[in-house]
>>> print(open('query_34.csv').read())   # CSV, C-alpha atoms and all ligand atoms
chain,number,residue,atom,x,y,z
M,1,MET,CA,-35.9,9.0,-10.9
M,2,PRO,CA,-35.5,5.2,-10.7
M,3,TRP,CA,-32.1,3.8,-10.1
M,4,GLY,CA,-32.0,2.0,-13.5
M,5,CYS,CA,-32.5,5.3,-15.3
M,6,TYR,CA,-29.8,6.9,-13.2
M,7,MET,CA,-27.3,4.2,-14.1
M,8,THR,CA,-28.0,4.6,-17.8
M,9,ARG,CA,-27.3,8.3,-17.5
M,10,VAL,CA,-23.9,7.6,-15.9
M,11,ASN,CA,-23.1,5.3,-18.8
M,12,LEU,CA,-24.3,7.6,-21.6
M,13,SER,CA,-23.9,11.1,-20.5
M,14,GLY,CA,-21.0,11.1,-18.0
M,15,HIS,CA,-20.7,12.9,-14.7
M,16,LYS,CA,-21.7,16.5,-15.2
M,17,THR,CA,-25.4,16.0,-15.3
M,18,ALA,CA,-25.8,12.6,-13.7
M,19,GLY,CA,-26.8,13.5,-10.2
M,20,ARG,CA,-29.2,16.4,-10.8
M,21,ASP,CA,-32.5,14.7,-11.8
M,22,ARG,CA,-32.1,12.0,-9.3
M,23,MET,CA,-31.8,14.0,-6.2
M,24,GLU,CA,-33.7,17.2,-7.0
M,25,ASP,CA,-36.8,16.0,-5.1
M,26,HIS,CA,-34.9,15.4,-1.8
M,27,MET,CA,-34.1,17.6,1.1
M,28,GLY,CA,-30.5,17.7,1.9
M,29,TYR,CA,-28.2,15.5,4.0
M,30,ARG,CA,-25.7,16.2,6.7
M,31,ILE,CA,-22.5,14.7,5.3
M,32,VAL,CA,-19.1,14.1,6.9
M,33,VAL,CA,-15.9,13.5,4.8
M,34,ALA,CA,-13.2,11.9,7.0
M,35,GLY,CA,-9.7,12.0,5.3
M,36,ALA,CA,-10.6,15.2,3.4
M,37,THR,CA,-6.9,16.2,3.0
M,38,GLY,CA,-6.1,12.9,1.2
M,39,ASN,CA,-6.3,11.8,-2.4
M,40,VAL,CA,-9.6,10.0,-2.0
M,41,GLY,CA,-11.1,12.5,0.4
M,42,ARG,CA,-10.5,15.4,-2.0
M,43,GLU,CA,-12.1,13.5,-4.8
M,44,MET,CA,-15.1,12.7,-2.6
M,45,LEU,CA,-15.6,16.5,-2.2
M,46,ASN,CA,-15.2,17.1,-5.9
M,47,ILE,CA,-17.7,14.3,-6.8
M,48,LEU,CA,-20.3,15.3,-4.2
M,49,HIS,CA,-20.2,18.8,-5.7
M,50,GLU,CA,-20.2,17.6,-9.4
M,51,ARG,CA,-23.1,15.3,-8.9
M,52,GLU,CA,-25.0,17.9,-6.9
M,53,PHE,CA,-25.4,15.5,-4.0
M,54,PRO,CA,-28.0,17.3,-1.8
M,55,VAL,CA,-25.8,18.5,1.0
M,56,ASP,CA,-27.4,20.6,3.7
M,57,GLU,CA,-24.3,20.7,5.8
M,58,ILE,CA,-20.8,19.3,5.4
M,59,ALA,CA,-18.0,18.7,7.8
M,60,VAL,CA,-14.4,17.9,6.6
M,61,LEU,CA,-12.2,15.9,9.0
M,62,ALA,CA,-8.5,14.9,9.0
M,63,SER,CA,-5.9,14.2,11.7
M,64,ARG,CA,-4.9,16.8,14.3
M,65,ARG,CA,-1.8,17.6,12.3
M,66,SER,CA,-3.9,19.1,9.5
M,67,LEU,CA,-6.3,21.1,11.7
M,68,GLY,CA,-7.5,24.1,9.9
M,69,THR,CA,-6.1,23.0,6.5
M,70,GLU,CA,-8.3,24.4,3.7
M,71,VAL,CA,-10.0,22.1,1.2
M,72,SER,CA,-12.3,23.0,-1.7
M,73,PHE,CA,-15.9,22.0,-2.0
M,74,GLY,CA,-17.2,23.6,-5.3
M,75,ASP,CA,-16.5,27.3,-4.9
M,76,ARG,CA,-16.5,27.0,-1.1
M,77,THR,CA,-13.4,26.7,1.0
M,78,LEU,CA,-13.7,24.5,4.1
M,79,LYS,CA,-11.4,24.1,7.1
M,80,THR,CA,-10.7,20.7,8.3
M,81,GLN,CA,-11.6,19.7,11.8
M,82,ASP,CA,-10.0,17.1,14.0
M,83,LEU,CA,-11.5,13.6,13.6
M,84,ALA,CA,-10.5,12.6,17.1
M,85,THR,CA,-12.8,15.2,18.8
M,86,PHE,CA,-15.6,15.3,16.3
M,87,ASP,CA,-19.2,14.4,17.5
M,88,PHE,CA,-21.0,12.4,14.8
M,89,THR,CA,-24.4,12.7,16.5
M,90,GLY,CA,-27.0,14.1,14.1
M,91,TRP,CA,-24.9,13.5,11.0
M,92,ASP,CA,-26.5,11.3,8.3
M,93,ILE,CA,-23.6,9.8,6.4
M,94,ALA,CA,-19.8,9.8,6.9
M,95,LEU,CA,-17.6,9.0,4.0
M,96,PHE,CA,-14.3,7.6,5.4
M,97,ALA,CA,-11.0,7.5,3.6
M,98,ILE,CA,-8.4,7.4,6.4
M,99,GLY,CA,-6.8,4.0,6.3
M,100,SER,CA,-7.6,0.9,8.4
M,101,ASP,CA,-5.9,1.9,11.6
M,102,ALA,CA,-7.8,5.1,12.1
M,103,THR,CA,-10.9,3.5,10.7
M,104,LYS,CA,-10.8,0.9,13.4
M,105,GLU,CA,-10.8,3.6,16.1
M,106,PHE,CA,-13.3,6.0,14.6
M,107,ALA,CA,-15.8,4.1,12.4
M,108,PRO,CA,-17.5,2.3,15.3
M,109,LYS,CA,-17.8,5.7,17.1
M,110,ALA,CA,-19.6,7.3,14.2
M,111,ALA,CA,-21.8,4.2,13.6
M,112,LYS,CA,-22.7,4.1,17.3
M,113,ALA,CA,-23.7,7.8,17.1
M,114,GLY,CA,-26.2,6.8,14.4
M,115,CYS,CA,-24.2,8.1,11.4
M,116,VAL,CA,-23.8,5.5,8.7
M,117,VAL,CA,-20.2,5.0,7.6
M,118,ILE,CA,-19.2,4.3,4.0
M,119,ASP,CA,-15.7,3.1,4.4
M,120,ASN,CA,-12.9,3.0,1.9
M,121,SER,CA,-10.4,1.0,3.9
M,122,SER,CA,-10.1,-2.7,3.8
M,123,LEU,CA,-11.0,-3.1,7.5
M,124,TYR,CA,-14.7,-4.2,7.1
M,125,ARG,CA,-14.7,-5.5,3.5
M,126,TYR,CA,-14.7,-9.2,4.5
M,127,ASP,CA,-16.9,-8.8,7.6
M,128,PRO,CA,-20.1,-10.9,6.9
M,129,ASP,CA,-22.1,-8.2,8.8
M,130,VAL,CA,-20.9,-5.4,6.5
M,131,PRO,CA,-22.1,-5.2,2.9
M,132,LEU,CA,-19.4,-4.6,0.2
M,133,VAL,CA,-21.0,-2.7,-2.6
M,134,VAL,CA,-20.4,-1.6,-6.2
M,135,PRO,CA,-23.8,-0.1,-7.1
M,136,GLU,CA,-23.7,-1.2,-10.8
M,137,VAL,CA,-23.3,-4.8,-9.5
M,138,ASN,CA,-25.0,-5.3,-6.1
M,139,ALA,CA,-26.8,-2.1,-5.1
M,140,ASP,CA,-29.4,-4.2,-3.2
M,141,ALA,CA,-26.7,-5.3,-0.7
M,142,VAL,CA,-26.8,-1.8,0.7
M,143,MET,CA,-29.8,-2.9,2.8
M,144,GLY,CA,-27.5,-5.0,4.9
M,145,TYR,CA,-26.0,-1.9,6.4
M,146,SER,CA,-28.0,-2.1,9.6
M,147,LYS,CA,-26.1,-4.7,11.5
M,148,LYS,CA,-23.1,-2.4,12.0
M,149,ASN,CA,-24.2,0.9,10.4
M,150,ILE,CA,-21.3,0.4,8.1
M,151,ILE,CA,-21.0,-0.2,4.3
M,152,ALA,CA,-17.7,-1.1,2.7
M,153,ASN,CA,-16.2,0.2,-0.5
M,154,PRO,CA,-14.0,-2.3,-2.4
M,155,ASN,CA,-10.4,-2.2,-3.4
M,156,CYS,CA,-9.8,0.1,-6.4
M,157,SER,CA,-8.7,-2.8,-8.7
M,158,THR,CA,-11.8,-4.9,-7.8
M,159,ALA,CA,-14.3,-2.1,-8.3
M,160,GLN,CA,-13.5,-1.5,-12.0
M,161,MET,CA,-13.1,-5.2,-12.7
M,162,VAL,CA,-16.5,-6.2,-11.3
M,163,VAL,CA,-18.3,-3.4,-13.2
M,164,ALA,CA,-16.9,-5.0,-16.4
M,165,LEU,CA,-17.5,-8.6,-15.3
M,166,LYS,CA,-21.1,-8.3,-14.2
M,167,PRO,CA,-22.9,-8.0,-17.6
M,168,LEU,CA,-20.7,-10.7,-19.1
M,169,HIS,CA,-21.4,-13.0,-16.2
M,170,ASP,CA,-25.1,-12.4,-16.5
M,171,ARG,CA,-25.0,-13.5,-20.1
M,172,ALA,CA,-22.5,-16.3,-20.2
M,173,ARG,CA,-21.6,-17.3,-16.6
M,174,ILE,CA,-18.0,-16.6,-15.9
M,175,LYS,CA,-16.1,-19.6,-14.5
M,176,ARG,CA,-12.6,-18.2,-14.2
M,177,VAL,CA,-10.8,-14.9,-14.3
M,178,VAL,CA,-7.1,-14.3,-14.9
M,179,VAL,CA,-6.2,-10.7,-14.2
M,180,SER,CA,-2.9,-8.7,-14.3
M,181,THR,CA,-3.1,-5.2,-13.0
M,182,TYR,CA,-1.0,-2.1,-13.9
M,183,GLN,CA,-1.8,0.1,-10.8
M,184,SER,CA,-0.9,3.8,-10.5
M,185,VAL,CA,0.9,5.2,-7.5
M,186,SER,CA,-2.0,7.3,-6.3
M,187,GLY,CA,-3.5,3.9,-5.1
M,188,ALA,CA,-0.8,4.2,-2.4
M,189,GLY,CA,-2.0,7.6,-1.2
M,190,LYS,CA,-0.5,11.0,-1.5
M,191,GLU,CA,2.9,9.8,-0.3
M,192,GLY,CA,3.0,7.3,-3.2
M,193,MET,CA,2.5,10.2,-5.7
M,194,ASP,CA,5.2,12.2,-4.0
M,195,GLU,CA,7.7,9.3,-4.2
M,196,LEU,CA,7.2,8.9,-8.0
M,197,TRP,CA,7.5,12.6,-8.5
M,198,ASP,CA,10.6,13.0,-6.4
M,199,GLN,CA,12.3,9.9,-7.8
M,200,THR,CA,11.6,11.0,-11.4
M,201,LYS,CA,13.2,14.4,-10.7
M,202,ALA,CA,16.1,12.7,-9.1
M,203,VAL,CA,16.8,10.6,-12.2
M,204,TYR,CA,17.5,13.9,-14.0
M,205,ASN,CA,19.3,15.4,-11.1
M,206,PRO,CA,21.5,12.6,-9.7
M,207,VAL,CA,22.8,14.8,-6.8
M,208,THR,CA,19.6,14.1,-4.9
M,209,GLU,CA,18.9,10.5,-3.9
M,210,VAL,CA,15.3,9.5,-3.2
M,211,PRO,CA,15.4,5.9,-1.8
M,212,PRO,CA,12.3,3.8,-1.9
M,213,LYS,CA,10.0,4.4,1.2
M,214,LYS,CA,6.4,3.9,0.2
M,215,PHE,CA,7.3,1.3,-2.4
M,216,GLN,CA,9.6,-1.6,-2.1
M,217,LYS,CA,11.9,-0.7,-5.0
M,218,GLN,CA,12.4,2.5,-7.1
M,219,ILE,CA,9.1,3.2,-8.8
M,220,ALA,CA,10.3,5.8,-11.3
M,221,PHE,CA,11.1,4.2,-14.6
M,222,ASN,CA,10.3,0.8,-13.2
M,223,VAL,CA,7.4,-1.6,-12.4
M,224,ILE,CA,7.0,-3.5,-9.1
M,225,PRO,CA,5.1,-6.8,-8.9
M,226,HIS,CA,4.3,-6.4,-5.3
M,227,ILE,CA,1.4,-4.5,-3.7
M,228,ASP,CA,0.6,-4.9,0.0
M,229,VAL,CA,2.2,-7.7,2.1
M,230,PHE,CA,3.1,-11.3,1.0
M,231,LEU,CA,0.9,-14.1,2.1
M,232,GLU,CA,1.9,-17.7,2.9
M,233,ASP,CA,1.0,-19.1,-0.6
M,234,GLY,CA,3.3,-16.5,-2.3
M,235,SER,CA,0.5,-14.2,-3.4
M,236,THR,CA,0.2,-10.7,-2.1
M,237,LYS,CA,-2.7,-9.3,0.0
M,238,GLU,CA,-3.7,-7.0,-2.9
M,239,GLU,CA,-4.1,-10.1,-5.1
M,240,TRP,CA,-6.0,-11.9,-2.4
M,241,LYS,CA,-8.3,-8.9,-2.1
M,242,MET,CA,-9.3,-9.1,-5.8
M,243,VAL,CA,-10.2,-12.8,-5.3
M,244,ALA,CA,-12.2,-12.4,-2.1
M,245,GLU,CA,-13.9,-9.2,-3.0
M,246,THR,CA,-15.0,-10.4,-6.5
M,247,LYS,CA,-16.6,-13.4,-4.8
M,248,LYS,CA,-18.4,-11.3,-2.2
M,249,ILE,CA,-19.7,-8.7,-4.6
M,250,LEU,CA,-20.4,-10.8,-7.8
M,251,ASP,CA,-20.5,-14.5,-7.2
M,252,LYS,CA,-18.7,-16.8,-4.8
M,253,SER,CA,-18.4,-19.5,-7.4
M,254,ILE,CA,-16.1,-17.4,-9.8
M,255,LYS,CA,-12.5,-18.4,-9.6
M,256,VAL,CA,-10.1,-15.5,-9.8
M,257,THR,CA,-6.3,-15.5,-10.0
M,258,ALA,CA,-4.5,-12.1,-10.0
M,259,THR,CA,-1.1,-10.6,-10.3
M,260,CYS,CA,-1.0,-7.0,-9.1
M,261,VAL,CA,1.8,-4.7,-10.3
M,262,ARG,CA,2.6,-1.1,-9.4
M,263,VAL,CA,3.6,1.1,-12.4
M,264,PRO,CA,5.0,4.6,-12.7
M,265,VAL,CA,1.6,6.2,-13.6
M,266,PHE,CA,0.1,8.9,-11.3
M,267,VAL,CA,-3.6,8.2,-11.7
M,268,GLY,CA,-5.5,5.4,-13.4
M,269,HIS,CA,-5.3,1.6,-13.1
M,270,GLY,CA,-5.1,-0.7,-16.1
M,271,GLU,CA,-6.1,-4.3,-16.1
M,272,SER,CA,-5.5,-7.1,-18.6
M,273,ILE,CA,-8.4,-9.5,-18.0
M,274,ASN,CA,-9.0,-13.0,-19.4
M,275,ILE,CA,-12.3,-14.7,-18.7
M,276,GLU,CA,-13.5,-18.3,-19.3
M,277,THR,CA,-17.3,-18.6,-19.5
M,278,GLU,CA,-19.7,-21.6,-19.3
M,279,GLU,CA,-21.4,-20.6,-22.5
M,280,PHE,CA,-19.7,-19.3,-25.6
M,281,LEU,CA,-19.7,-15.6,-26.0
M,282,ASP,CA,-18.7,-14.0,-29.2
M,283,GLU,CA,-16.4,-11.0,-29.1
M,284,ASP,CA,-18.9,-8.8,-31.0
M,285,GLU,CA,-21.8,-9.7,-28.7
M,286,ALA,CA,-19.5,-9.1,-25.7
M,287,ARG,CA,-18.7,-5.6,-27.1
M,288,ASP,CA,-22.4,-4.9,-27.6
M,289,ILE,CA,-23.3,-6.1,-24.1
M,290,LEU,CA,-20.6,-3.9,-22.5
M,291,ARG,CA,-21.6,-0.9,-24.6
M,292,GLU,CA,-25.1,-1.1,-23.1
M,293,SER,CA,-24.0,-1.7,-19.5
M,294,PRO,CA,-24.1,0.8,-16.7
M,295,GLY,CA,-20.9,2.6,-15.8
M,296,ILE,CA,-19.0,1.3,-18.9
M,297,MET,CA,-17.6,3.0,-22.0
M,298,VAL,CA,-16.3,0.8,-24.8
M,299,VAL,CA,-13.5,2.3,-26.9
M,300,ASP,CA,-12.3,-0.5,-29.1
M,301,LYS,CA,-11.0,0.4,-32.5
M,302,ARG,CA,-8.4,-1.9,-33.9
M,303,GLU,CA,-6.1,0.9,-35.0
M,304,ASP,CA,-3.3,3.1,-33.5
M,305,GLY,CA,-4.6,4.8,-30.4
M,306,GLY,CA,-8.0,3.1,-30.6
M,307,TYR,CA,-8.1,2.1,-27.0
M,308,VAL,CA,-8.1,3.9,-23.6
M,309,THR,CA,-5.0,4.4,-21.5
M,310,PRO,CA,-4.8,5.5,-17.8
M,311,ILE,CA,-4.1,9.2,-18.7
M,312,ASP,CA,-7.3,9.3,-20.9
M,313,CYS,CA,-9.5,8.2,-18.0
M,314,VAL,CA,-8.3,10.7,-15.3
M,315,GLY,CA,-11.2,12.7,-13.9
M,316,ASP,CA,-13.8,10.5,-15.6
M,317,TYR,CA,-16.5,8.3,-14.0
M,318,ALA,CA,-16.6,5.4,-16.4
M,319,THR,CA,-14.8,2.0,-16.5
M,320,PHE,CA,-13.3,1.9,-20.0
M,321,ILE,CA,-13.1,-1.3,-21.9
M,322,SER,CA,-10.8,-1.8,-25.0
M,323,ARG,CA,-9.1,-4.6,-26.9
M,324,ILE,CA,-12.0,-7.1,-26.6
M,325,ARG,CA,-11.0,-10.3,-28.4
M,326,GLN,CA,-11.6,-14.0,-28.4
M,327,ASP,CA,-9.1,-16.2,-26.5
M,328,SER,CA,-8.6,-19.0,-29.0
M,329,THR,CA,-6.6,-21.2,-26.6
M,330,ILE,CA,-9.8,-22.3,-24.9
M,331,ASP,CA,-13.4,-23.0,-26.0
M,332,ASN,CA,-15.1,-20.1,-24.2
M,333,GLY,CA,-12.6,-17.4,-23.6
M,334,LEU,CA,-12.3,-13.7,-24.0
M,335,ASN,CA,-9.6,-11.1,-23.4
M,336,PHE,CA,-10.0,-7.4,-22.8
M,337,TRP,CA,-8.3,-4.3,-21.4
M,338,CYS,CA,-10.0,-2.4,-18.6
M,339,VAL,CA,-9.0,1.1,-17.3
M,340,SER,CA,-10.5,3.5,-14.8
M,341,ASP,CA,-9.6,6.4,-12.5
M,342,ASN,CA,-8.7,4.6,-9.3
M,343,LEU,CA,-9.4,7.6,-7.2
M,344,ARG,CA,-12.9,7.9,-8.7
M,345,LYS,CA,-14.6,4.6,-9.6
M,346,GLY,CA,-11.9,2.8,-7.5
M,347,ALA,CA,-12.8,4.9,-4.4
M,348,ALA,CA,-14.5,8.3,-4.2
M,349,LEU,CA,-17.1,7.9,-6.9
M,350,ASN,CA,-18.1,4.4,-5.8
M,351,ALA,CA,-18.5,5.7,-2.2
M,352,VAL,CA,-20.7,8.6,-3.3
M,353,GLN,CA,-22.8,6.3,-5.5
M,354,ILE,CA,-23.3,4.1,-2.4
M,355,ALA,CA,-24.4,7.2,-0.5
M,356,GLU,CA,-26.8,8.0,-3.3
M,357,VAL,CA,-28.4,4.6,-3.2
M,358,PHE,CA,-28.5,4.7,0.6
M,359,GLY,CA,-30.1,8.1,0.6
M,360,GLN,CA,-32.7,7.0,-1.9
M,361,ARG,CA,-33.6,3.6,-0.4
M,362,VAL,CA,-33.1,4.2,3.3
M,363,LEU,CA,-33.0,7.8,4.5
M,364,LYS,CA,-35.5,9.0,1.9
M,365,LYS,CA,-35.3,12.6,2.9
M,366,GLY,CA,-37.7,15.0,1.4
D,401,LIG,N1,-6.1,5.8,-3.4
D,401,LIG,C1,-6.9,4.8,-3.9
D,401,LIG,O1,-6.9,4.5,-5.1
D,401,LIG,C2,-7.8,4.1,-3.0
D,401,LIG,C3,-8.7,3.2,-3.5
D,401,LIG,C4,-9.5,2.5,-2.7
D,401,LIG,C5,-9.4,2.7,-1.3
D,401,LIG,N2,-8.5,3.5,-0.8
D,401,LIG,C6,-8.4,3.7,0.6
D,401,LIG,O2,-8.8,5.0,1.0
D,401,LIG,C7,-8.1,5.4,2.2
D,401,LIG,C8,-7.4,6.7,2.0
D,401,LIG,O3,-6.5,6.6,0.9
D,401,LIG,P1,-5.8,7.9,0.2
D,401,LIG,O4,-5.3,7.4,-1.0
D,401,LIG,O5,-6.8,9.1,0.2
D,401,LIG,O6,-4.7,8.2,1.3
D,401,LIG,P2,-3.9,9.6,1.6
D,401,LIG,O7,-3.8,10.4,0.3
D,401,LIG,O8,-2.6,9.2,2.2
D,401,LIG,O9,-4.8,10.3,2.7
D,401,LIG,C9,-5.0,9.8,3.9
D,401,LIG,C10,-6.1,10.7,4.7
D,401,LIG,O10,-6.4,10.0,5.9
D,401,LIG,C11,-6.2,11.0,7.0
D,401,LIG,N3,-5.8,10.3,8.2
D,401,LIG,C12,-4.8,9.4,8.3
D,401,LIG,N4,-4.7,9.0,9.6
D,401,LIG,C13,-5.6,9.7,10.3
D,401,LIG,C14,-6.0,9.7,11.6
D,401,LIG,N5,-5.4,9.0,12.6
D,401,LIG,N6,-7.0,10.6,12.0
D,401,LIG,C15,-7.6,11.3,11.1
D,401,LIG,N7,-7.3,11.3,9.8
D,401,LIG,C16,-6.3,10.5,9.4
D,401,LIG,C17,-5.1,11.9,6.4
D,401,LIG,O11,-5.1,13.1,7.2
D,401,LIG,P3,-3.8,14.0,7.3
D,401,LIG,O12,-3.7,14.8,6.1
D,401,LIG,O13,-4.2,14.9,8.5
D,401,LIG,O14,-2.7,13.1,7.6
D,401,LIG,C18,-5.6,12.1,5.0
D,401,LIG,O15,-6.6,13.0,4.9
D,401,LIG,C19,-7.2,4.2,2.5
D,401,LIG,O16,-7.9,3.4,3.4
D,401,LIG,C20,-7.0,3.5,1.2
D,401,LIG,O17,-6.7,2.2,1.4
D,401,LIG,C21,-7.7,4.2,-1.6
>>> encode(input="query_34.csv", output="C-alpha cells")
Amino acid sequence: MPWGCYMTRVNLSGHKTAGRDRMEDHMGYRIVVAGATGNVGREMLNILHEREFPVDEIAVLASRRSLGTEVSFGDRTLKTQDLATFDFTGWDIALFAIGSDATKEFAPKAAKAGCVVIDNSSLYRYDPDVPLVVPEVNADAVMGYSKKNIIANPNCSTAQMVVALKPLHDRARIKRVVVSTYQSVSGAGKEGMDELWDQTKAVYNPVTEVPPKKFQKQIAFNVIPHIDVFLEDGSTKEEWKMVAETKKILDKSIKVTATCVRVPVFVGHGESINIETEEFLDEDEARDILRESPGIMVVDKREDGGYVTPIDCVGDYATFISRIRQDSTIDNGLNFWCVSDNLRKGAALNAVQIAEVFGQRVLKKG
C-alpha cells in the first residue's frame, strides 16, 4: 500500500486499522524497545501492537534497576532486560526512549552493531548527519539515516505543531509563527506525573508536604512558564527546540517564537498558534485544507464544547485543530488551537511511524 494511502487512513479512520493493510505483505522485523518501563516506551509497545507492526521478535530493555520488570505487549507479558549488557547484533530497529545521557552511551553501540536507532531524546536532533523526521511532513528525510544509523524524533510540542503547519505552509507560505504551549506533566516522564498526583493529594491532605522536585514550583493547581533550562537570551531550551526543530523539519526560513508553559494536566499538550503567511488564507479555506491533511482532525464548532481539549485526545493518534479564525490585526494572519497526545504523536506514535517508513523504504522485508 503506498505511503500516501496509508496517511489518509490515519487521518480518516484512526489507529485501530491503520497498520494492517500497509504491512501485511512483509515478513517481520526484530525490534528493540529501550526504555520500555517509561511513559514513552510503554506507549511504543501499545502502538506497535495496535498498528500490527510486523514484529518477528521483540526485546524490551530498561536500566538494571528494572531488570525483570513485566511490561505488556498486546496480550503478551514481556520481561525487561538490562540495556547495558544487551547485544544489538542482528536486530533491525531499536526504538529508544531513555533520555539523552543513556542515549549518548548506548545509541552509538546499537548503531555500530547494525541496528538502526530511532531516538526520542534531544541528543541527535540538531546533528546535521541525523535526520529529524515527522512522517506527515518530511518522510523522505528518513533516507539520510545512513551516516550514523540513527534517526531522531522531535520534541513533543514540535511534532504536533509541524503536522498542523505543513499543509498551511504548502498553500500560503508561513513567514512567522507565534506559539504558546500548555504542556502536560507526562512530558516530563513518569516522575512528573507522580509529582502532580502527589501534590494534588497533598492539597487535600495538608499533613503531607510534597515539595517541587521534577518541576521548579508547585505544579498542582498552578502553571509554570519554564520548561528545560534557561538560555542566555532569556528563552528556555524547550522554546529554542521548537524554533530549531521547526526549521529543520519544515523550512529554515520560517521564523518561530515560542513560550512553553507546564500545566497541571496528566497527558495531552495544547498549543495556541498564530501564523502570518505570505499569501492571504481565508479561515474557511484553512479549515478545509486542514480537514484533508494527513494526521489531522478538525473539530471546530463555534459553540460550547465545540473544540478539543487535552483530555479528549488521550490515546488518540491525531493532531486535533480547533478555534480556527482570522487574525485581523495583520493582513495575512490566522489563529488556531492545536492539541495532541504528547506520548503518542509527540513521541511513541511518531517513532513507530518512522519505523514503518524505514521498514517500507529501506529494509523492505518480505
Ligand atoms: N514524555 C514525552 O512526552 C516525550 C516526548 C518526546 C520525547 N520524549 C523523550 O523520551 C525519553 C523518555 O521519556 P519518558 O517520558 O518515557 O521518561 P520516563 O517515563 O522517565 O522513562 C524513562 C525510561 O528510560 C529508562 N532509562 C533511564 N536511564 C536509563 C539507563 N541508564 N539505562 C537504561 N534505561 C534507562 C528508564 O528505565 P528504568 O525504569 O529502569 O529507570 C525508563 O524506562 C526522554 O528522552 C524524553 O525526553 C518524551
>>> residues_near_ligand(input="query_34.csv", ligand="ligand LIG 401 (chain D)", cutoff="6 Å", atoms="only C-alpha atoms and all ligand atoms", output="PyMOL selection string")
chain M and resi 35-41+62-63+65-66+83+97-100+102+120-121+155-156+186-190+342-343+346-347
>>> atom_distance(input="query_34.csv", atom1="CA of Val116 in chain M", atom2="CA of Phe73 in chain M")
21.2 Å
>>> atom_distance(input="query_34.csv", atom1="CA of Tyr307 in chain M", atom2="CA of Phe320 in chain M")
8.7 Å
>>> closest_atom_pairs(input="query_34.csv", of="range 24-61 of chain M", to="range 106-114 of chain M", cutoff="12 Å", atoms="only C-alpha atoms", output="CSV")
residue,atom,partner,partner_atom,distance
M:Ile31,CA,M:Ala110,CA,11.9
M:Val32,CA,M:Ala110,CA,10.0
M:Val33,CA,M:Ala110,CA,11.9
M:Ala34,CA,M:Phe106,CA,9.6
M:Gly35,CA,M:Phe106,CA,11.6
M:Leu61,CA,M:Phe106,CA,11.4
>>> residues_around(input="query_34.csv", residues="Asn46 in chain M", least_positions_apart="6", cutoff="10 Å", atoms="all atoms listed in the file", output="NGL selection string")
:M and (40 or 52 or 72-74 or 315 or 344 or 348-349)
>>> closest_residue(input="query_34.csv", among="M:Asp282, M:Glu271, M:Asp312, M:Glu303", to="Tyr182 in chain M", atoms="only C-alpha atoms")
M:Glu271
>>> closest_residue(input="query_34.csv", among="M:Gly359, M:Gly68, M:Gly270, M:Gly333", to="Val178 in chain M", atoms="all atoms listed in the file")
M:Gly333
>>> closest_residue(input="query_34.csv", among="M:Ile273, M:Ala244, M:Val179, M:Val142", to="Tyr126 in chain M", atoms="all atoms listed in the file")
M:Ala244
>>> closest_residue(input="query_34.csv", among="M:Gln326, M:Asp170, M:Asn153, M:Val133", to="Ile289 in chain M", atoms="all atoms listed in the file")
M:Asp170
>>> closest_residue(input="query_34.csv", among="M:Thr181, M:Thr77, M:Ser322, M:Gln199", to="Asp300 in chain M", atoms="all atoms listed in the file")
M:Ser322
>>> atom_distance(input="query_34.csv", atom1="CA of Gln183 in chain M", atom2="CA of Gly295 in chain M")
19.9 Å
>>> decode(input="query_34.csv", residues="range 87-102 of chain M", atoms="C-alpha atoms", output="mmCIF file, in the first residue's frame")
data_model
loop_
_atom_site.group_PDB
_atom_site.id
_atom_site.type_symbol
_atom_site.label_atom_id
_atom_site.label_comp_id
_atom_site.auth_asym_id
_atom_site.auth_seq_id
_atom_site.Cartn_x
_atom_site.Cartn_y
_atom_site.Cartn_z
ATOM 1 C CA ASP M 87 23.811 -7.217 22.237
ATOM 2 C CA PHE M 88 22.150 -5.357 19.334
ATOM 3 C CA THR M 89 23.736 -7.540 16.651
ATOM 4 C CA GLY M 90 21.097 -8.947 14.289
ATOM 5 C CA TRP M 91 18.313 -6.622 15.475
ATOM 6 C CA ASP M 92 16.683 -4.438 12.784
ATOM 7 C CA ILE M 93 15.356 -1.366 14.602
ATOM 8 C CA ALA M 94 15.738 -0.044 18.151
ATOM 9 C CA LEU M 95 13.202 2.468 19.419
ATOM 10 C CA PHE M 96 14.979 4.482 22.142
ATOM 11 C CA ALA M 97 13.151 6.424 24.898
ATOM 12 C CA ILE M 98 15.721 6.642 27.673
ATOM 13 C CA GLY M 99 16.841 10.283 27.946
ATOM 14 C CA SER M 100 19.936 11.928 26.488
ATOM 15 C CA ASP M 101 22.570 10.694 28.959
ATOM 16 C CA ALA M 102 21.852 6.998 28.472
#
